[in-house]
Protein chains: 2
Amino acid sequence: MSPDFDAVDIIRTKRDRGTLSGEQIDWTIDAYTRGTIADEQMSALNMAILLNGMSRPEISRWTTAMISSGERMDFPSLGKATVDKHSTGGVGDKITLPLAPLVAVYGVAVPQLSGRGLGHTGGTLDKLESIPGWQASLSNEQMMSQLSDVGAVICAAGSGLAPADKKLYALRDVTGTVESIPLIASSIMSKKIAEGTGSLVLDVKVGSGAFMKDEESARELAETMVALGQDAGVKTVALMTNMETPLGLTAGNAIEVEESVQVLAGEGPEDVVELTVRLAEEMLAAAGVPDADPAAALKDGRAMDVWRRMIAAQGGDPDAQLPVARESETIYAPADGVLVGLDALSVGVAAWRLGAGRARKEDQVQAGAGVRMHAKPGAVVRSGEPLMTMLTDDASRFDRAREALADAVVIAAEGARPAQRLIIDRIA
Amino acid sequence: MSPDFDAVDIIRTKRDRGTLSGEQIDWTIDAYTRGTIADEQMSALNMAILLNGMSRPEISRWTTAMISSGERMDFPSLGKATVDKHSTGGVGDKITLPLAPLVAVYGVAVPQLSGRGLGHTGGTLDKLESIPGWQASLSNEQMMSQLSDVGAVICAAGSGLAPADKKLYALRDVTGTVESIPLIASSIMSKKIAEGTGSLVLDVKVGSGAFMKDEESARELAETMVALGQDAGVKTVALMTNMETPLGLTAGNAIEVEESVQVLAGEGPEDVVELTVRLAEEMLAAAGVPDADPAAALKDGRAMDVWRRMIAAQGGDPDAQLPVARESETIYAPADGVLVGLDALSVGVAAWRLGAGRARKEDQVQAGAGVRMHAKPGAVVRSGEPLMTMLTDDASRFDRAREALADAVVIAAEGARPAQRLIIDRIA
């Protein structure tokens, strides 16, 4: 395809703060996918990119080259508008579960290719797999047929989409080169653009439980991804949302499904409902349905209907009893006052240690494990009241989970109010 | 040995400008040598080190850890003072050839473990291999016996010395991470310290034909290496010397041996004699022979005697006719004036392209190839006088060599004087 370049020259260029040409980038991604550039060369290049950055045109070309490394889905053949949501990951972030069926209520196709969790952030597929019988893997044909019939699908991404990204992500994971905004943005957007969705709403999390700890880097990531989407002709909007504290009152797998079903039943925690409705409005507006009232579709059972059909279409029983953890242990409020802080990272790490998450891709997760919260920031609490319940099948895990939660809770004098702003900004 | 660390944590620490602990460094080098740290992890770490640097204590520990990865030579058992010289590499740098026998004249053991050339800088072993019969590889026993009998040995380093450095250098070569002062300094010094020499004189080249193009970086490299030597109890001195122009009047293999023999016969180009004598004085002072007069030992044949025995001990015939290139082509002065510039890098690249050097480790070199210079900076030249003769066995190589020499020569109006300072500084 492109002329032959030398991997060492390309590494040196980026190392010395130069700019890679479009042809150099195309060659790099293609050669790495084919194995001509060795892992040790790509990891040196990744570290140089992480430390020296990439320009917007470089990131855009890098993304396009990753898309070209694989197949593209053909959603236009559905004859429906398609819209997709991507979250950069947080604690208790079960929003995809109520959101996909909610948006599909309005005749829009919602193809949510999702992942599994790694570390303290949960994975959408892990949560859904706690539903007896539910299958994450679908063929392209099954996916298209479900999108046509039900309108919403949440499933594992096939291996044909952006294979360069898969190889590159696995490499970055073991070489300390994950935390690069250009590499994160191109990784996310290459997969989303290759899916062929017509529009995309990004939920860029900010705070202790998120990948981006501060607003500045979250904004840079959001702006970069929105620009990449627009460059590729995908209508893209990003919300920057708070991840200092977990979303909702559950962090785990089955317990997050349970909470999602509450939201679909017109109930559930306020913050989960608010973010679900807001993201649904953004997705529907992007898909050309500007006057929908998704809050009503949660209240009147239309979203629940799509949910039940979506779960059943993938072999799941929407009425089945969800797995329950064998062991539980409750943590109580140490003082009277107002709960002003409940740290997302601490809760995420505790849920992970209880068995809800995995340290390695090969690990199994426990369906019932996690942390159930009894109060959210802003609540008045009394000494001795239950604050959180830890859930696991293996009681030996409580000690390490309790350690993670040691500094998670901040109680202030009554009258104090926590800094709370769920939606921080909108970038389009 | 050391506790178990995580490679990704270590990479992240260096990436984020942190300092590695001694135990982390020991573990890193040991784990890389054993294959527990993968090449792609080490190359990411190398790039982070190249871009973010290492502190002096980190470099020192890194060096010690590389020494510990292999065996150490046992020169103290010789019962003689040992002293070694290392040059960072340049064009026409044949100094080791006359220097080792010259120093041995004074009863000091000179164990010169040397390398082959790569790119435009020549290799001492390549030059000596143009002598019929001469063998670069010696067993440790042969080496010790020759040091005891003859006093000087120039041979290939065994694979047992600092194997971590060998593995690391090969990795750096293909990952754009060669040009890091901490990594260069620790690579050189780990081998030299593992040799177990009692003292060491470094010749740090500065200029177009050298690895370090400017005085500032050369000084940093020299100071780093001197500090590493002193940390390890090896008396270490560095000279910073000029490499804007080639040393002597030859750049190649056999033609550099020929020039070295001239120096050993009390003749030869002034700069080669000056640097040989000055380095010999430094080495002898370091080895506890402060009042020697090495210039005299060149004049009166004592150095030549040791040379002949040294070559013969390794199977070489000191009286043999050296190989001569089959083809030659001369370049003439384009104008009258003073030769003020004769660029070392250009001459080095031309000699390499003529066949004197190699692009890859596996390549063979031509014994007779190279560039013979007929004038040095400072000389008055007349238009049409011969300036250089290109030598090769393969006439098709002349074009590319001539290209390399196109801008090598600068002739100024008569009366001009070139900036010439062979010894730039001494660092101890």
# chains A, B, ... in the order shown; residues from 1 in each chain; ligands from 1
$ select_by_dssp --residues "segment 215-263 of chain B" --states "strand (DSSP E or B)" --output "PyMOL selection string"
chain B and resi 235-242+250-252
$ closest_atom_pairs --of "chain A" --to "chain B" --cutoff "6 Å" --atoms "only C-alpha atoms" --output "JSON lines"
{"residue": "A:Val8", "atom": "CA", "partner": "B:Gly176", "partner_atom": "CA", "distance": 5.2}
{"residue": "A:Ile11", "atom": "CA", "partner": "B:Gly176", "partner_atom": "CA", "distance": 5.8}
{"residue": "A:Arg12", "atom": "CA", "partner": "B:Gly176", "partner_atom": "CA", "distance": 5.5}
{"residue": "A:Asp39", "atom": "CA", "partner": "B:Glu40", "partner_atom": "CA", "distance": 5.5}
{"residue": "A:Glu40", "atom": "CA", "partner": "B:Glu40", "partner_atom": "CA", "distance": 3.7}
{"residue": "A:Gln41", "atom": "CA", "partner": "B:Thr175", "partner_atom": "CA", "distance": 4.9}
{"residue": "A:Ser43", "atom": "CA", "partner": "B:Ala44", "partner_atom": "CA", "distance": 5.3}
{"residue": "A:Ala44", "atom": "CA", "partner": "B:Ala44", "partner_atom": "CA", "distance": 4.6}
{"residue": "A:Met47", "atom": "CA", "partner": "B:Ala44", "partner_atom": "CA", "distance": 5.6}
{"residue": "A:Thr175", "atom": "CA", "partner": "B:Gln41", "partner_atom": "CA", "distance": 4.9}
{"residue": "A:Gly176", "atom": "CA", "partner": "B:Val8", "partner_atom": "CA", "distance": 5.2}
$ residues_around --residues "Ala335 of chain B" --least-positions-apart "5" --cutoff "8 Å" --atoms "only C-alpha atoms" --output "VMD selection string"
chain B and resid 381 to 384 411
$ residues_around --residues "Asp291 of chain B" --least-positions-apart "5" --cutoff "9 Å" --atoms "only C-alpha atoms" --output "PyMOL selection string"
chain B and resi 281+284-285
$ closest_residue --among "A:Lys94, A:Lys361, A:His120, A:Arg17" --to "Leu249 of chain A" --atoms "only C-alpha atoms"
A:Lys94
